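**Student:** Quick one: structure below, then a few questions.
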Number of protein chains: 2
Amino acid sequence: MRRESIAFIGAGVMGRSMAEHLLSAGYPLFLYSRTRSKAEPLLAKGAVWRDSPAEAASEADVAISMVGYPQDVETVYLGESGILKSLRKGALAIDMTTSSPLLAKRIAEAGAANGIGILDAPVSGGDSGAREARLSIMVGGEREHFDRALPILEIMGKNIVYQGAAGAGQHTKMCNQIAIAGGMVAIAESLAYAKSAGLDPETVLKSISAGAAGSWSMSNLVPRALQGDFEPGFYVKHFIKDMGIAIESASEMGLELPGLAMAKRLYDELAEKGNGNLGTQALFQRCLSDG
Amino acid sequence: MRRESIAFIGAGVMGRSMAEHLLSAGYPLFLYSRTRSKAEPLLAKGAVWRDSPAEAASEADVAISMVGYPQDVETVYLGESGILKSLRKGALAIDMTTSSPLLAKRIAEAGAANGIGILDAPVSGGDSGAREARLSIMVGGEREHFDRALPILEIMGKNIVYQGAAGAGQHTKMCNQIAIAGGMVAIAESLAYAKSAGLDPETVLKSISAGAAGSWSMSNLVPRALQGDFEPGFYVKHFIKDMGIAIESASEMGLELPGLAMAKRLYDELAEKGNGNLGTQALFQRCLSDG
């Protein structure tokens with residue numbers, strides 16, 4: 001079977017690992033990233049450099065984007081050198097950036113008008129999930145496009161779920177971030193209480209982390225914070241971006257989420273104090289430190 | 001080895017299972033509960049009825065209480081027919097009710113003044129944890145009393161952790177409830193968002209429950225709510241009681257916990273609508289129902 005050729009847009013921490021898996025699986029890969037130096041390791045492995053998203057996409061059957069912010073997604077798809085200008089009819093484009101559900105719908109409509117299939121397929125699992133090809137991928141768009149994309153997505157992830165029409169992938173990612181955000185606040189309050197009460201947080205975890213209060217965040221992020229490790233598994237600044245999208249998207253649907261708003265405020269404060277480049281477990285720092 | 005004789009106060013859903021394990025292990029057991037009919041199954045298994053906490057405790061080496069509210073604990077320990085009036089010097093009393101940390105300290109002081117050892121040892125794990133003797137037990141008090149109590153606690157639970165001085169067990173249980181409370185709000189907001197966005201909550205769970213958003217509550221309580229099962233694993237009314245104790249205790253320490261306060265408000269609303277006897281997953285009902 002001939003492998004479809006892929007245009008890959010973005011060579012950040014996540015994108016680099018994902019593109020590398022595609023190269024290893026034998027997919028021809030045209031690459032564009034805003035910062036060329038980040039692309040070098042992939043070029044060394046056989047990716048072919050192109051000078052714009054449109055140029056990368058012009059020869060490709062499938063385009064995949066993994067960039068930073070919704071405005072970057074908009075530029076990559078709808079901008080002057082955007083891929084919708086150059087993808088051929090019958091091509092497929094998959095945006096794996098965590099981005100706005102509304103923008104995903106706009107792009108899907110623009111794609112459909114040009115005979116181009118569009119999927120929104122954000123991921124969870126972080127750096128390590130990308131590196132180990134075990135991302136969870138949440139997909140929105142038309143089912144036939146999902147079916148076509150599946151063999152490619154399976155090279156990058158493990159838990160690949162079709163969530164519904166265009167935007168549904170992004171909406172699902174927002175559900176994920178909302179649950180995480182409120183959960184982080186809950187743990188922070190629990191730790192703040194423990195500290196006030198003079199308890200040892202590590203001993204408290206022994207009592208509570210395996211039961212009904214247990215969560216991925218409690219088991220994975222609190223121990224890091226307890227060891228003074230605030231290295232980013234997931235950056236505070238990226239989490240703030242995602243919560244911002246979720247709040248905006250909820251507000252477009254007339255939905256108020258006070259717990260999410262509270263989480264966003266606490267993380268905004270962290271970032272304002274210069275901690276945007278720490279991992280999300282930095283929220284626990286104040287609850288654990290002495291004095 | 002002679003088994004110490006036990007006075008057991010309380011024969012509710014939790015207490016009944018716990019007392020039964022002690023009987024099965026061969027401990028002589030004097031029993032008092034406010035409602036005698038609840039005690040009958042235990043009397044049939046060899047427990048000996050006594051007409052007040054004080055009478056039950058007068059012949060016992062160790063007293064264990066598992067009652068409802070802090071005011072019940074206060075009555076059982078410090079009331080006119082309370083156990084501190086009748087326990088002999090050198091006896092040990094263990095309160096396993098989820099109750100006020102400050103009250104636990106008061107009782108410990110009163111006990112010490114009479115030469116009686118006191119532990120606060122609330123549990124988590126619910127009905128099923130009690131039935132299957134795999135409760136998590138969080139213990140506060142003096143270490144020597146903990147060591148003495150351990151063989152008895154091991155008959156009722158699996159994860160038994162010494163948390164520190166008198167009140168530390170109750171404080172740890174509050175940490176547990178605070179983490180659960182905020183986590184439930186986070187999940188409710190995530191589900192409310194999913195509903196607004198037209199997603200299928202069950203499919204969303206497939207994408208998010210195994211990753212960084214995952215938690216015990218998400219994996220165990222959301223599926224029940226999705227099946228329309230609102231039977232109490234843990235009662236709304238009891239959760240409200242616990243959150244009330246946590247808020248009061250935090251406030252005594254000068255600590256504000258806005259996430260916990262929000263959770264308490266939402267659960268208060270549920271109870272005001274007559275749902276106090278449902279399980280805590282009733283919080284998700286509105287986020288899942290159509291229309």
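Ligands are numbered from 1 in the order shown, chains are lettered A, B, ... in the order of the structure tokens, and residues start at 1 in each chain.
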Write out as a PyMOL selection string each polymer residue whose atoms come within 7 Å of stretch 186-191 of chain A, counting only C-alpha atoms; drop sequence neighbours fewer than 3 positions from it.
**Tutor:** (chain A and resi 182-183+194-195+201+218+283-284+287-288) or (chain B and resi 175+178-179+182-183+257+259)
**Student:** Can you write just those residues out, N, CA, C and O atoms, as an mmCIF file, in the first residue's frame?
**Tutor:**
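Generated file (result_23.cif):
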```
data_model
loop_
_atom_site.group_PDB
_atom_site.id
_atom_site.type_symbol
_atom_site.label_atom_id
_atom_site.label_comp_id
_atom_site.auth_asym_id
_atom_site.auth_seq_id
_atom_site.Cartn_x
_atom_site.Cartn_y
_atom_site.Cartn_z
ATOM 1 N N GLY A 182 -10.382 22.067 37.831
ATOM 2 C CA GLY A 182 -11.070 22.045 39.115
ATOM 3 C C GLY A 182 -10.432 21.047 40.072
ATOM 4 O O GLY A 182 -10.356 21.286 41.282
ATOM 5 N N GLY A 183 -9.970 19.934 39.517
ATOM 6 C CA GLY A 183 -9.299 18.930 40.346
ATOM 7 C C GLY A 183 -8.023 19.473 40.974
ATOM 8 O O GLY A 183 -7.711 19.175 42.132
ATOM 9 N N ALA A 194 -4.139 20.723 54.948
ATOM 10 C CA ALA A 194 -3.171 19.848 55.627
ATOM 11 C C ALA A 194 -2.057 20.670 56.268
ATOM 12 O O ALA A 194 -1.662 20.435 57.415
ATOM 13 N N LYS A 195 -1.568 21.633 55.509
ATOM 14 C CA LYS A 195 -0.483 22.483 56.022
ATOM 15 C C LYS A 195 -0.952 23.273 57.248
ATOM 16 O O LYS A 195 -0.275 23.301 58.282
ATOM 17 N N PRO A 201 2.100 16.311 54.524
ATOM 18 C CA PRO A 201 1.338 16.035 53.294
ATOM 19 C C PRO A 201 1.631 14.656 52.709
ATOM 20 O O PRO A 201 0.735 14.015 52.145
ATOM 21 N N MET A 218 -3.382 13.815 41.771
ATOM 22 C CA MET A 218 -2.902 13.607 43.136
ATOM 23 C C MET A 218 -1.746 12.610 43.159
ATOM 24 O O MET A 218 -0.750 12.820 43.839
ATOM 25 N N LEU A 283 1.030 25.039 41.244
ATOM 26 C CA LEU A 283 -0.104 25.501 42.054
ATOM 27 C C LEU A 283 0.002 25.010 43.497
ATOM 28 O O LEU A 283 -0.549 25.621 44.411
ATOM 29 N N PHE A 284 0.708 23.908 43.712
ATOM 30 C CA PHE A 284 0.801 23.320 45.052
ATOM 31 C C PHE A 284 1.948 23.911 45.873
ATOM 32 O O PHE A 284 2.062 23.637 47.058
ATOM 33 N N CYS A 287 1.109 25.769 48.967
ATOM 34 C CA CYS A 287 0.407 24.944 49.958
ATOM 35 C C CYS A 287 1.354 23.995 50.670
ATOM 36 O O CYS A 287 0.974 23.358 51.647
ATOM 37 N N LEU A 288 2.561 23.848 50.143
ATOM 38 C CA LEU A 288 3.489 22.881 50.724
ATOM 39 C C LEU A 288 4.648 23.535 51.450
ATOM 40 O O LEU A 288 5.187 22.969 52.386
ATOM 41 N N CYS B 175 -9.042 16.567 54.766
ATOM 42 C CA CYS B 175 -8.265 16.684 53.512
ATOM 43 C C CYS B 175 -8.875 15.804 52.434
ATOM 44 O O CYS B 175 -8.980 16.206 51.265
ATOM 45 N N ILE B 178 -12.215 17.370 51.278
ATOM 46 C CA ILE B 178 -11.982 18.597 50.499
ATOM 47 C C ILE B 178 -11.577 18.238 49.070
ATOM 48 O O ILE B 178 -12.078 18.822 48.101
ATOM 49 N N ALA B 179 -10.678 17.257 48.939
ATOM 50 C CA ALA B 179 -10.245 16.849 47.596
ATOM 51 C C ALA B 179 -11.415 16.249 46.815
ATOM 52 O O ALA B 179 -11.581 16.528 45.618
ATOM 53 N N GLY B 182 -14.137 19.266 45.748
ATOM 54 C CA GLY B 182 -13.746 20.070 44.595
ATOM 55 C C GLY B 182 -13.684 19.241 43.324
ATOM 56 O O GLY B 182 -14.033 19.713 42.237
ATOM 57 N N GLY B 183 -13.252 17.993 43.470
ATOM 58 C CA GLY B 183 -13.198 17.104 42.314
ATOM 59 C C GLY B 183 -14.586 16.841 41.731
ATOM 60 O O GLY B 183 -14.750 16.775 40.512
ATOM 61 N N LEU B 257 -11.385 28.435 51.978
ATOM 62 C CA LEU B 257 -11.332 27.435 50.909
ATOM 63 C C LEU B 257 -12.521 27.661 49.969
ATOM 64 O O LEU B 257 -13.570 27.021 50.105
ATOM 65 N N GLY B 259 -13.159 26.875 46.901
ATOM 66 C CA GLY B 259 -13.629 25.732 46.111
ATOM 67 C C GLY B 259 -14.524 24.826 46.943
ATOM 68 O O GLY B 259 -15.575 24.361 46.488
#
```
**Student:** Per DSSP on the backbone, filter stretch 53-279 of chain A down to the residues in strand (DSSP E) and report them as a ChimeraX atom specification.
**Tutor:** /A:62-65,92-95,117-120,123-124,135-141,157-164
**Student:** Provide as a ChimeraX atom specification the residues of chain A at most 8 Å from chain B, counting only C-alpha atoms.
**Tutor:** /A:124-125,136-138,159-161,163-164,168,171-172,174-183,185-187,189-191,193-194,196-197,199-200,203-204,206-208,211-217,250,253,255,257,259-260,262
**Student:** Calculated over only C-alpha atoms, which of the candidates B:Ile6, B:Leu266, B:Ile245, B:Leu42 has the smallest distance to B:Ala56?
**Tutor:** B:Ile6
**Student:** Quick one: residues within 7 Å of stretch 83-99 of chain A, only C-alpha atoms, excluding same-chain residues fewer than 4 positions away - as number ranges by chain?
**Tutor:** A: 53-54, 57-58, 61-70, 76-78, 111, 114-123, 170
**Student:** Grab the residues selected above and save them as a PDB file, in the first residue's frame with C-alpha atoms.
**Tutor:**
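Just written: out-v4.pdb:
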```
ATOM      1  CA  PRO A  53       2.314  25.864   5.301  1.00  0.00           C
ATOM      2  CA  ALA A  54       0.886  26.297   1.788  1.00  0.00           C
ATOM      3  CA  ALA A  57       0.620  21.165   1.784  1.00  0.00           C
ATOM      4  CA  SER A  58       0.679  21.572  -1.991  1.00  0.00           C
ATOM      5  CA  ASP A  61      -2.402  13.976   0.620  1.00  0.00           C
ATOM      6  CA  VAL A  62      -2.809  14.738   4.300  1.00  0.00           C
ATOM      7  CA  ALA A  63      -1.838  17.808   6.330  1.00  0.00           C
ATOM      8  CA  ILE A  64      -1.301  17.664  10.071  1.00  0.00           C
ATOM      9  CA  SER A  65      -0.872  20.745  12.232  1.00  0.00           C
ATOM     10  CA  MET A  66       0.449  20.906  15.790  1.00  0.00           C
ATOM     11  CA  VAL A  67       1.068  24.559  16.584  1.00  0.00           C
ATOM     12  CA  GLY A  68       0.646  26.866  19.572  1.00  0.00           C
ATOM     13  CA  TYR A  69      -2.406  29.045  19.823  1.00  0.00           C
ATOM     14  CA  PRO A  70      -5.762  29.374  18.035  1.00  0.00           C
ATOM     15  CA  VAL A  76      -1.934  27.944   9.165  1.00  0.00           C
ATOM     16  CA  TYR A  77      -5.368  27.117   7.734  1.00  0.00           C
ATOM     17  CA  LEU A  78      -6.949  30.370   6.629  1.00  0.00           C
ATOM     18  CA  GLY A 111     -12.481  22.978   3.916  1.00  0.00           C
ATOM     19  CA  ASN A 114     -13.033  23.434  -1.231  1.00  0.00           C
ATOM     20  CA  GLY A 115     -13.567  19.681  -1.175  1.00  0.00           C
ATOM     21  CA  ILE A 116     -11.013  19.222   1.609  1.00  0.00           C
ATOM     22  CA  GLY A 117     -11.767  17.016   4.594  1.00  0.00           C
ATOM     23  CA  ILE A 118     -11.058  18.543   7.999  1.00  0.00           C
ATOM     24  CA  LEU A 119     -10.680  16.961  11.418  1.00  0.00           C
ATOM     25  CA  ASP A 120     -10.033  18.564  14.779  1.00  0.00           C
ATOM     26  CA  ALA A 121      -8.034  16.059  16.790  1.00  0.00           C
ATOM     27  CA  PRO A 122      -6.432  17.520  19.912  1.00  0.00           C
ATOM     28  CA  VAL A 123      -4.509  15.220  22.201  1.00  0.00           C
ATOM     29  CA  GLN A 170     -11.847  20.388  20.718  1.00  0.00           C
TER      30      GLN A 170
END
```
**Student:** For each of A:Ile107, A:Ala282, A:Leu102, A:Ile152, take the minimum atom-to-atom distance to A:Ser5, counting only C-alpha atoms, then give the residue where this is smallest.
**Tutor:** A:Ile152
**Student:** Which parts of stretch 80-236 of chain A does DSSP call alpha helix (DSSP H) when run on the backbone here, written out as an MDAnalysis selection string?
**Tutor:** chainID A and resid 101:113 126:131 143:156 168:196 201:208 216:226 236
**Student:** Set the distance at 9 Å and use only C-alpha atoms: which residues neighbour A:Glu55 once local chain neighbours fewer than 4 positions away are removed? I'd like the list as a ChimeraX atom specification.
**Tutor:** /A:7,30,32,50-51,59,81-83,86
**Student:** Those same residues, written as a PDB file, in the first residue's frame with N, CA and C atoms?
**Tutor:**
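selection.pdb, written as the output of this step:
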```pdb
ATOM      1  N   ALA A   7       1.919  16.542   4.969  1.00  0.00           N
ATOM      2  CA  ALA A   7       2.496  17.845   5.297  1.00  0.00           C
ATOM      3  C   ALA A   7       2.367  18.028   6.800  1.00  0.00           C
ATOM      4  N   PHE A  30       6.548  16.338   4.342  1.00  0.00           N
ATOM      5  CA  PHE A  30       6.948  17.717   4.070  1.00  0.00           C
ATOM      6  C   PHE A  30       6.753  18.519   5.344  1.00  0.00           C
ATOM      7  N   TYR A  32       6.969  22.120   7.698  1.00  0.00           N
ATOM      8  CA  TYR A  32       7.159  23.556   7.906  1.00  0.00           C
ATOM      9  C   TYR A  32       7.026  23.842   9.393  1.00  0.00           C
ATOM     10  N   ARG A  50       9.846  22.771   3.760  1.00  0.00           N
ATOM     11  CA  ARG A  50       9.105  23.682   2.885  1.00  0.00           C
ATOM     12  C   ARG A  50       8.979  25.030   3.584  1.00  0.00           C
ATOM     13  N   ASP A  51       8.884  26.105   2.800  1.00  0.00           N
ATOM     14  CA  ASP A  51       8.999  27.456   3.361  1.00  0.00           C
ATOM     15  C   ASP A  51       7.706  28.077   3.882  1.00  0.00           C
ATOM     16  N   GLU A  59       1.885  19.471  -2.051  1.00  0.00           N
ATOM     17  CA  GLU A  59       2.166  18.141  -2.620  1.00  0.00           C
ATOM     18  C   GLU A  59       1.633  17.002  -1.767  1.00  0.00           C
ATOM     19  N   SER A  81      -0.726  32.342   3.387  1.00  0.00           N
ATOM     20  CA  SER A  81       0.047  31.165   2.972  1.00  0.00           C
ATOM     21  C   SER A  81      -0.488  29.925   3.672  1.00  0.00           C
ATOM     22  N   GLY A  82      -1.797  29.920   3.884  1.00  0.00           N
ATOM     23  CA  GLY A  82      -2.426  28.826   4.628  1.00  0.00           C
ATOM     24  C   GLY A  82      -2.629  27.591   3.768  1.00  0.00           C
ATOM     25  N   ILE A  83      -2.820  26.467   4.439  1.00  0.00           N
ATOM     26  CA  ILE A  83      -2.869  25.199   3.715  1.00  0.00           C
ATOM     27  C   ILE A  83      -4.150  25.013   2.911  1.00  0.00           C
ATOM     28  N   SER A  86      -3.737  25.635  -0.700  1.00  0.00           N
ATOM     29  CA  SER A  86      -2.918  24.799  -1.584  1.00  0.00           C
ATOM     30  C   SER A  86      -3.254  23.310  -1.553  1.00  0.00           C
TER      31      SER A  86
END
```
